[in-house]
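Listing of input23.txt, compact mmCIF, C-alpha atoms and all ligand atoms
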# COMPACT_ATOMS: atom_id res chain seq x y z
CA GLY A 256 37.65 4.20 16.40
CA ALA A 257 37.82 3.36 20.10
CA LYS A 258 35.60 0.28 19.73
CA ASP A 259 37.88 -1.22 17.08
CA TRP A 260 40.89 -0.44 19.22
CA TRP A 261 39.22 -2.04 22.20
CA ASN A 262 38.43 -5.14 20.14
CA GLY A 263 42.03 -5.17 19.03
CA VAL A 264 43.24 -4.99 22.59
CA LYS A 265 40.86 -7.78 23.60
CA GLY A 266 42.32 -9.78 20.74
CA MET A 267 45.71 -9.38 22.38
CA GLY A 268 44.45 -11.32 25.36
CA ILE A 269 44.93 -8.36 27.71
CA VAL A 270 42.86 -8.45 30.89
CA MET A 271 40.86 -5.39 31.70
CA ASP A 272 42.92 -4.27 34.68
CA SER A 273 46.08 -4.16 32.65
CA VAL A 274 44.37 -2.26 29.89
CA TRP A 275 43.21 0.39 32.28
CA ILE A 276 46.70 0.65 33.72
CA SER A 277 48.10 1.19 30.24
CA TRP A 278 45.25 3.50 29.37
CA SER A 279 45.75 5.66 32.44
CA ALA A 280 49.48 5.67 31.83
CA ILE A 281 48.71 7.22 28.47
CA HIS A 282 46.49 9.82 30.15
CA LEU A 283 49.33 10.75 32.48
CA ILE A 284 51.27 12.28 29.61
CA PRO A 285 51.54 16.06 30.12
CA SER A 286 48.61 17.82 28.48
CA CYS A 287 50.73 19.44 25.77
CA HIS A 288 51.22 15.97 24.28
CA CYS A 289 48.50 14.74 22.00
CA VAL A 290 47.19 11.15 22.18
CA ARG A 291 45.54 9.76 19.08
CA MET A 292 44.40 6.16 18.81
CA ILE A 293 43.67 4.63 15.47
CA THR A 294 43.38 0.99 14.56
CA GLU A 295 43.23 0.33 10.89
CA PRO A 296 45.54 -2.64 10.91
CA THR A 297 47.68 -3.29 7.89
CA SER A 298 48.38 -6.95 7.38
CA PHE A 299 52.07 -7.73 7.48
CA SER A 300 53.10 -10.98 5.85
CA ALA A 301 55.77 -12.85 7.80
CA GLU A 302 58.20 -11.95 5.03
CA SER A 303 57.47 -8.21 5.11
CA TYR A 304 57.54 -8.30 8.91
CA PHE A 305 61.05 -9.73 9.11
CA ALA A 306 62.23 -7.47 6.26
CA THR A 307 61.15 -4.31 8.10
CA GLN A 308 61.41 -5.00 11.86
CA PRO A 309 64.88 -5.21 13.49
CA PRO A 310 66.07 -8.44 15.13
CA PRO A 311 66.87 -8.41 18.87
CA ALA A 312 70.52 -7.71 19.64
CA THR A 313 71.02 -11.13 21.28
CA LEU A 314 69.59 -13.20 18.42
CA GLU A 315 72.89 -14.41 16.92
CA HIS A 316 74.21 -15.41 20.33
CA ASP A 317 70.98 -17.28 21.18
CA VAL A 318 71.01 -19.11 17.84
CA GLN A 319 74.58 -20.26 18.48
CA ARG A 320 73.58 -21.61 21.92
CA VAL A 321 70.57 -23.40 20.43
CA ARG A 322 72.73 -24.92 17.65
CA GLU A 323 75.35 -26.32 20.04
CA TRP A 324 72.77 -27.58 22.53
CA THR A 325 70.66 -29.22 19.78
CA GLN A 326 73.69 -31.11 18.47
CA LYS A 327 74.12 -32.67 21.92
CA GLN A 328 70.46 -33.71 22.04
CA VAL A 329 70.65 -35.23 18.55
CA ALA A 330 73.77 -37.18 19.58
CA ALA A 331 71.90 -38.46 22.67
CA GLY A 332 68.91 -39.48 20.48
CA ARG A 333 66.47 -37.35 22.48
CA ARG A 334 63.24 -35.79 21.35
CA VAL A 335 63.21 -32.02 21.77
CA VAL A 336 60.31 -29.74 22.64
CA LEU A 337 60.25 -25.97 22.30
CA VAL A 338 57.99 -24.57 25.03
CA THR A 339 57.03 -20.91 24.70
CA SER A 340 55.72 -19.28 27.84
CA GLY A 341 54.49 -15.99 29.29
CA GLY A 342 53.23 -12.77 27.73
CA THR A 343 54.73 -10.47 25.12
CA THR A 344 54.92 -6.69 25.42
CA VAL A 345 54.11 -4.15 22.72
CA PRO A 346 56.38 -1.12 23.18
CA LEU A 347 54.65 2.17 22.40
CA GLU A 348 57.70 4.33 21.82
CA LEU A 349 61.32 4.07 20.73
CA ASN A 350 62.76 4.80 24.17
CA VAL A 351 60.43 2.43 25.92
CA VAL A 352 58.76 3.82 29.01
CA ARG A 353 55.20 2.77 28.11
CA PHE A 354 54.10 -0.55 26.69
CA LEU A 355 51.05 -2.81 26.47
CA ASP A 356 51.21 -6.15 28.23
CA ASN A 357 48.99 -9.09 29.11
CA PHE A 358 48.13 -11.22 32.10
CA SER A 359 50.14 -14.41 31.50
CA ALA A 360 52.41 -15.40 34.40
CA GLY A 361 53.91 -18.32 32.50
CA THR A 362 52.38 -20.97 34.76
CA ARG A 363 51.24 -23.19 31.88
CA GLY A 364 54.62 -23.09 30.15
CA ALA A 365 56.81 -23.56 33.25
CA THR A 366 54.68 -26.41 34.60
CA SER A 367 54.49 -28.14 31.22
CA ALA A 368 58.26 -27.91 30.73
CA GLU A 369 58.77 -29.91 33.93
CA TYR A 370 56.41 -32.66 32.78
CA PHE A 371 58.12 -32.81 29.36
CA LEU A 372 61.48 -33.23 31.13
CA LYS A 373 60.00 -36.00 33.29
CA ALA A 374 58.77 -37.68 30.09
CA GLY A 375 62.33 -37.73 28.71
CA TYR A 376 62.16 -34.79 26.31
CA ALA A 377 64.91 -32.21 26.15
CA VAL A 378 63.34 -28.76 26.52
CA ILE A 379 64.04 -25.34 25.07
CA PHE A 380 62.20 -23.10 27.49
CA MET A 381 61.60 -19.82 25.67
CA HIS A 382 59.96 -17.50 28.14
CA ARG A 383 59.11 -13.92 28.91
CA GLN A 384 61.84 -12.40 31.06
CA PHE A 385 60.93 -12.69 34.79
CA SER A 386 57.94 -14.99 34.20
CA LEU A 387 57.73 -18.32 36.03
CA GLN A 388 60.39 -20.93 35.29
CA PRO A 389 60.44 -24.71 35.74
CA PHE A 390 61.44 -25.78 39.29
CA SER A 391 61.82 -22.29 40.79
CA ARG A 392 58.07 -21.78 40.09
CA HIS A 393 57.37 -23.91 43.19
CA TYR A 394 58.92 -21.17 45.31
CA SER A 395 57.40 -18.10 43.72
CA HIS A 396 57.88 -14.98 45.82
CA SER A 397 54.14 -14.28 45.91
CA THR A 398 52.73 -17.74 46.72
CA ASN A 399 55.50 -19.64 48.49
CA PRO A 400 58.44 -17.37 49.37
CA PHE A 401 61.46 -19.57 50.06
CA LEU A 402 62.80 -17.34 52.86
CA ASP A 403 59.73 -18.38 54.89
CA PHE A 404 60.91 -21.94 55.25
CA LEU A 405 64.58 -21.41 55.93
CA GLU A 406 65.69 -21.42 59.55
CA ILE A 407 68.81 -20.06 61.22
CA GLU A 408 70.31 -22.59 63.62
CA THR A 409 71.44 -20.87 66.74
CA ASP A 410 73.89 -23.48 68.20
CA GLY A 411 76.44 -21.61 70.20
CA GLY A 412 74.02 -18.75 70.82
CA SER A 413 72.93 -15.80 68.73
CA SER A 414 76.48 -14.46 68.76
CA ASN A 415 77.73 -17.44 66.66
CA PRO A 416 79.46 -15.66 63.72
CA SER A 417 78.67 -18.39 61.16
CA PRO A 418 75.31 -20.00 62.04
CA ARG A 419 73.98 -22.74 59.77
CA ILE A 420 70.84 -22.42 57.70
CA SER A 421 68.38 -25.31 57.52
CA VAL A 422 65.07 -26.07 55.86
CA THR A 423 61.89 -26.25 57.95
CA PRO A 424 61.35 -30.01 58.47
CA GLU A 425 57.84 -30.14 56.95
CA LYS A 426 59.08 -28.50 53.72
CA ARG A 427 62.12 -30.74 53.28
CA ALA A 428 60.61 -33.63 51.33
CA ASP A 429 59.03 -31.34 48.71
CA LEU A 430 62.15 -29.24 48.33
CA LEU A 431 64.33 -32.32 48.01
CA GLU A 432 62.16 -33.70 45.20
CA VAL A 433 62.27 -30.42 43.25
CA LEU A 434 65.98 -29.93 43.92
CA LYS A 435 66.90 -33.47 42.80
CA MET A 436 65.16 -33.02 39.49
CA TYR A 437 66.56 -29.51 39.01
CA LYS A 438 70.12 -30.76 39.61
CA ALA A 439 69.62 -33.80 37.36
CA VAL A 440 68.38 -31.58 34.51
CA HIS A 441 71.37 -29.28 34.96
CA ALA A 442 73.82 -32.17 35.00
CA ALA A 443 72.29 -33.76 31.89
CA GLU A 444 71.98 -30.38 30.14
CA THR A 445 68.50 -31.25 28.95
CA MET A 446 67.07 -27.76 29.32
CA LEU A 447 68.08 -24.58 27.53
CA THR A 448 66.50 -21.29 28.57
CA LEU A 449 65.93 -18.35 26.23
CA THR A 450 64.21 -15.08 27.11
CA PHE A 451 62.10 -12.56 25.24
CA VAL A 452 60.30 -9.40 26.28
CA THR A 453 58.60 -7.83 23.27
CA VAL A 454 56.44 -9.47 20.63
CA ASN A 455 59.22 -8.61 18.17
CA ASP A 456 61.82 -10.54 20.24
CA TYR A 457 59.39 -13.44 20.38
CA LEU A 458 58.77 -13.61 16.62
CA TRP A 459 62.45 -13.43 15.69
CA LEU A 460 63.40 -16.05 18.27
CA LEU A 461 60.56 -18.39 17.31
CA ARG A 462 61.59 -18.32 13.67
CA ALA A 463 65.28 -18.84 14.41
CA VAL A 464 64.75 -21.62 16.96
CA SER A 465 62.28 -23.55 14.81
CA GLN A 466 64.64 -23.32 11.84
CA GLU A 467 67.45 -24.72 14.02
CA LEU A 468 65.23 -27.51 15.39
CA SER A 469 64.05 -28.48 11.91
CA THR A 470 67.17 -30.67 11.71
CA LEU A 471 65.45 -32.97 14.24
CA GLY A 472 62.52 -33.54 11.88
CA ARG A 473 59.68 -35.46 13.52
CA LYS A 474 61.51 -35.67 16.81
CA SER A 475 60.80 -31.98 17.39
CA LEU A 476 57.65 -30.82 19.15
CA TYR A 477 56.50 -27.21 19.46
CA TYR A 478 54.30 -26.28 22.40
CA LEU A 479 53.25 -22.69 21.86
CA ALA A 480 51.75 -21.62 25.19
CA ALA A 481 52.97 -18.01 25.23
CA ALA A 482 50.26 -15.34 25.10
CA VAL A 483 51.30 -13.48 21.97
CA SER A 484 49.89 -10.08 21.17
CA ASP A 485 47.77 -9.88 18.00
CA PHE A 486 48.79 -6.26 17.40
CA PHE A 487 52.05 -4.38 17.43
CA LEU A 488 53.43 -0.96 16.69
CA PRO A 489 55.90 -1.11 13.80
CA ARG A 490 59.18 0.59 14.59
CA GLN A 491 58.64 3.03 11.74
CA LYS A 492 55.44 4.29 13.40
CA MET A 493 56.85 4.79 16.90
CA SER A 494 57.19 8.37 18.07
CA GLY A 495 60.60 9.44 19.18
CA LYS A 496 59.55 12.56 21.10
CA GLY A 497 56.45 14.71 21.45
CA SER A 498 53.04 13.29 20.68
CA LEU A 499 52.22 9.63 21.25
CA HIS A 500 50.52 8.11 18.21
CA ILE A 501 49.28 4.58 18.67
CA GLU A 502 48.57 3.10 15.29
CA MET A 503 48.83 -0.63 15.64
CA ASP A 504 49.18 -3.22 12.91
CA GLN A 505 48.35 -6.87 12.96
CA VAL A 506 51.11 -9.28 13.97
CA PRO A 507 51.67 -11.66 11.02
CA LYS A 508 50.15 -15.14 11.29
CA ILE A 509 53.44 -16.94 11.80
CA LEU A 510 51.99 -20.45 12.21
CA LYS A 511 51.58 -20.69 8.43
CA PRO A 512 55.27 -20.14 7.52
CA MET A 513 56.28 -22.17 10.57
CA VAL A 514 54.35 -25.21 9.29
CA ASP A 515 55.15 -24.71 5.59
CA GLU A 516 58.73 -23.46 5.68
CA TRP A 517 60.55 -23.15 9.00
CA THR A 518 60.01 -26.64 10.39
CA PRO A 519 57.82 -28.67 8.01
CA ASP A 520 58.41 -32.01 9.78
CA GLY A 521 57.80 -30.80 13.32
CA TYR A 522 54.80 -31.66 15.50
CA ILE A 523 53.17 -28.32 16.28
CA VAL A 524 50.74 -27.67 19.12
CA SER A 525 49.24 -24.21 19.49
CA PHE A 526 46.99 -22.84 22.25
CA LYS A 527 43.77 -20.93 21.79
CA LEU A 528 42.58 -18.75 24.64
CA GLU A 529 38.96 -17.57 24.78
CA THR A 530 36.65 -16.02 27.35
CA ASP A 531 33.62 -17.77 25.82
CA THR A 532 33.92 -21.59 25.98
CA GLU A 533 31.47 -21.93 23.07
CA LEU A 534 34.04 -20.37 20.74
CA LEU A 535 36.88 -22.73 21.60
CA ILE A 536 36.08 -25.56 19.21
CA PRO A 537 35.08 -23.53 16.12
CA LYS A 538 38.14 -21.28 16.54
CA ALA A 539 40.46 -24.24 17.06
CA GLN A 540 39.10 -25.96 13.96
CA ALA A 541 39.50 -22.76 11.93
CA ALA A 542 43.14 -22.50 13.07
CA LEU A 543 43.85 -26.13 12.07
CA GLU A 544 42.30 -25.54 8.65
CA ARG A 545 44.15 -22.31 8.13
CA TYR A 546 47.62 -23.33 9.29
CA GLY A 547 47.68 -27.09 8.81
CA HIS A 548 49.47 -27.96 12.07
CA GLN A 549 48.73 -30.95 14.32
CA VAL A 550 46.87 -29.91 17.50
CA VAL A 551 45.13 -26.89 18.97
CA ILE A 552 44.57 -26.91 22.71
CA GLY A 553 41.62 -24.70 23.56
CA ASN A 554 41.36 -23.14 27.01
CA ASP A 555 38.94 -20.74 28.65
CA LEU A 556 40.54 -17.90 30.64
CA HIS A 557 38.76 -18.74 33.89
CA GLN A 558 38.75 -22.54 33.61
CA ARG A 559 42.19 -23.10 32.15
CA LYS A 560 43.61 -24.71 35.28
CA PHE A 561 41.07 -27.54 35.30
CA GLN A 562 39.77 -28.06 31.77
CA VAL A 563 41.15 -27.87 28.24
CA VAL A 564 40.08 -29.31 24.92
CA PHE A 565 42.38 -30.98 22.38
CA VAL A 566 41.25 -30.43 18.79
CA SER A 567 42.96 -32.25 15.93
CA ARG A 568 42.18 -33.54 12.45
CA ASN A 569 40.56 -36.95 12.28
CA ASN A 570 43.20 -38.97 10.46
CA GLY A 571 41.83 -42.38 11.51
CA SER A 572 41.20 -45.18 9.03
CA ASN A 573 37.40 -44.78 9.10
CA THR A 574 37.35 -41.05 8.39
CA ARG A 575 35.58 -41.16 5.01
CA ASP A 576 32.14 -40.57 6.51
CA GLY A 577 33.29 -39.53 9.97
CA PRO A 578 33.90 -36.06 11.35
CA GLN A 579 36.75 -34.01 9.95
CA PHE A 580 37.97 -33.02 13.42
CA ILE A 581 38.09 -34.76 16.75
CA GLU A 582 37.78 -33.13 20.16
CA ASN A 583 38.99 -34.52 23.40
CA TRP A 584 38.24 -32.76 26.69
CA LEU A 585 40.68 -33.12 29.59
CA ARG A 586 39.21 -32.28 32.98
CA ILE A 587 40.41 -32.46 36.56
CA ASP A 588 38.60 -31.65 39.80
CA PRO A 589 38.94 -27.84 40.33
CA ALA A 590 39.11 -28.42 44.11
CA LEU A 591 42.46 -30.20 43.63
CA THR A 592 44.12 -27.24 41.94
CA HIS A 593 44.13 -24.75 44.84
CA PRO A 594 47.71 -23.62 45.62
CA GLY A 595 48.13 -24.21 49.40
CA LEU A 596 46.81 -27.83 49.27
CA GLU A 597 49.07 -30.60 50.55
CA GLN A 598 48.75 -32.57 47.29
CA ILE A 599 47.74 -30.46 44.30
CA LYS A 600 46.90 -31.83 40.86
CA GLU A 601 48.21 -29.99 37.81
CA ILE A 602 46.30 -30.36 34.55
CA GLU A 603 49.61 -30.01 32.67
CA GLU A 604 50.54 -33.51 33.88
CA ASP A 605 47.61 -34.92 31.86
CA ILE A 606 48.15 -32.54 28.92
CA ILE A 607 51.76 -33.67 28.50
CA ALA A 608 50.91 -37.39 28.95
CA GLU A 609 48.31 -37.04 26.17
CA LEU A 610 50.69 -35.12 23.90
CA VAL A 611 53.51 -37.61 24.34
CA LYS A 612 51.10 -40.37 23.25
CA LYS A 613 49.94 -38.34 20.26
CA HIS A 614 53.47 -37.38 19.21
CA THR A 615 54.61 -41.02 19.43
CA ALA A 616 51.63 -42.28 17.39
CA TRP A 617 52.22 -39.53 14.83
CA ILE A 618 55.92 -40.39 14.43
CA GLN A 619 54.98 -44.06 13.92
CA ALA A 620 52.24 -43.23 11.40
CA GLN A 621 54.54 -40.90 9.42
CA THR A 622 57.33 -43.47 9.39
CA GLN A 623 54.88 -46.14 8.23
CA ALA A 624 53.46 -43.88 5.51
CA ASN A 625 56.96 -43.16 4.21
CA LYS A 626 57.73 -46.89 3.99
CA SER A 627 54.64 -47.79 1.98
O1 LIG B 1 50.66 -18.27 31.69
P1 LIG B 1 49.34 -18.69 32.24
O2 LIG B 1 49.40 -20.08 32.81
O3 LIG B 1 48.80 -17.69 33.21
O4 LIG B 1 48.30 -18.72 31.01
C1 LIG B 1 48.44 -19.69 30.00
C2 LIG B 1 47.76 -19.24 28.70
C3 LIG B 1 46.28 -19.01 28.97
C4 LIG B 1 48.39 -17.95 28.21
C5 LIG B 1 47.96 -20.39 27.65
O5 LIG B 1 47.35 -21.54 28.09
C6 LIG B 1 47.40 -19.98 26.28
O6 LIG B 1 46.25 -20.14 26.00
N1 LIG B 1 48.25 -19.43 25.42
C7 LIG B 1 47.86 -18.94 24.10
C8 LIG B 1 47.12 -17.64 24.21
C9 LIG B 1 46.69 -17.12 22.87
O7 LIG B 1 47.51 -16.43 22.26
O8 LIG B 1 45.56 -17.42 22.43
Rewritten as structure tokens:
Amino acid sequence: GAKDWWNGVKGMGIVMDSVWISWSAIHLIPSCHCVRMITEPTSFSAESYFATQPPPATLEHDVQRVREWTQKQVAAGRRVVLVTSGGTTVPLELNVVRFLDNFSAGTRGATSAEYFLKAGYAVIFMHRQFSLQPFSRHYSHSTNPFLDFLEIETDGGSSNPSPRISVTPEKRADLLEVLKMYKAVHAAETMLTLTFVTVNDYLWLLRAVSQELSTLGRKSLYYLAAAVSDFFLPRQKMSGKGSLHIEMDQVPKILKPMVDEWTPDGYIVSFKLETDTELLIPKAQAALERYGHQVVIGNDLHQRKFQVVFVSRNNGSNTRDGPQFIENWLRIDPALTHPGLEQIKEIEEDIIAELVKKHTAWIQAQTQANKS
């Protein structure tokens, strides 16, 4: 009933406002159309999912780009990270006018990608279309519109037919820093950008990209920060015309095949988002047990910009009587994260520094274990 549906929607990580927008959109359908909401989710395995849901039209083209780009990174001896970022939509009908969405702006992913690039990783930035992107995120239209700090030089008077444009002096140093790095990344071709919109696009792309990156073995890192819907509407259940039936099924748990089959030697970091901090550690531990990957980063919706917790298995030498899992909280002063400050601190800087250390130690340990 409605309660189950609501729980399902909460499970998708949708914030209330967006739900009510979607909800009211459904109510706006002319009264002759019937709206029925049922949630008795069928569990799709990854295999049955990919056998029944169509791939995005651009998949082959994207895979080709990833293949060529990866070969260059392998030749240069670089580590590669796949960063997923932003929210996924769940279309409600075949000719998509209405869809469910979630809150993610892609801040975590775009910011993290920059710090991975600074740390020497090559980055596949797989993001929701129109969400924030590395570098341009500093000049987002809503928080820091770039037109506000461009000036028109009026030498020769306002009638000058080709006046020059300059940057407001106090913004120059920041812009120069961002621009230098942006240009360097372009010149070195160390970032490849892929886009998705729906949860279906996301799943197909994730599988294809991780299979391509599996050739890198331990040098590949997966940083799954996108907010992926837990439920979807299978194509076969979408209404073409007339009544709108929303009967959602559970999105398959793709971390399991990712770890076991698609990229068995990769270092996989998933994110867990909760609204109750108490649940972060038990849920992160459950995910590690269930999927067998390397790290879960837990974050609370309202505190995510200044505190996160790393949860991983305790693989140390004295683990016989010690805890099975270890937790490591990363915290920064919330006052330093306010947008508008002269010098802001981004928690992603510390997250990436910690992950680079962990990835390096893991590569060394795996190499050592293989030798002995
Ligand atoms: O994009 P954003 O910076 O607004 O939010 C980031 C986030 C909370 C979506 C991310 O840190 C996260 O937890 N992703 C996984 C969400 C989940 O599916 O549990």
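Among the candidates A:Ala360, A:Ala301, A:Leu434, A:Ala539, the one nearest to ligand LIG 1 (chain B) when counting all atoms listed in the file is A:Ala360.
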Return as a PyMOL selection string the residues of protein, DNA or RNA that approach ligand LIG 1 (chain B) to within 8 Å, with all atoms listed in the file taken into account.
chain A and resi 267-268+340-342+358-364+479-485+525-529+552-556+559-560
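For Arg322 in chain A, the set of protein, DNA and RNA residues having any atom at most 12 Å away, when counting only C-alpha atoms and skipping those fewer than 6 positions along the same chain, is A:Glu315, A:His316, A:Gln328, A:Val329, A:Ile379, A:Leu447, A:Ala463, A:Val464, A:Ser465, A:Gln466, A:Glu467, A:Leu468, A:Ser469, A:Thr470, A:Leu471.
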Between A:Leu402, A:Met513, A:Val564, A:Ala312, which has the minimum distance to Lys538 in chain A (counting all atoms listed in the file)?
A:Val564
Among the residues A:Gly472, A:Leu596, A:Pro589, A:Gln491, the one that comes closest to Gln621 in chain A [using only C-alpha atoms]:
A:Gly472
Measuring atom to atom with only C-alpha atoms, identify which of A:Pro346, A:Pro416, A:Gly332, A:Pro400 is nearest to Met503 in chain A.
A:Pro346
Nearest to Val335 in chain A, restricted to all atoms listed in the file and choosing among A:Lys492, A:Lys474, A:Arg353, A:Arg462, comes out as A:Lys474
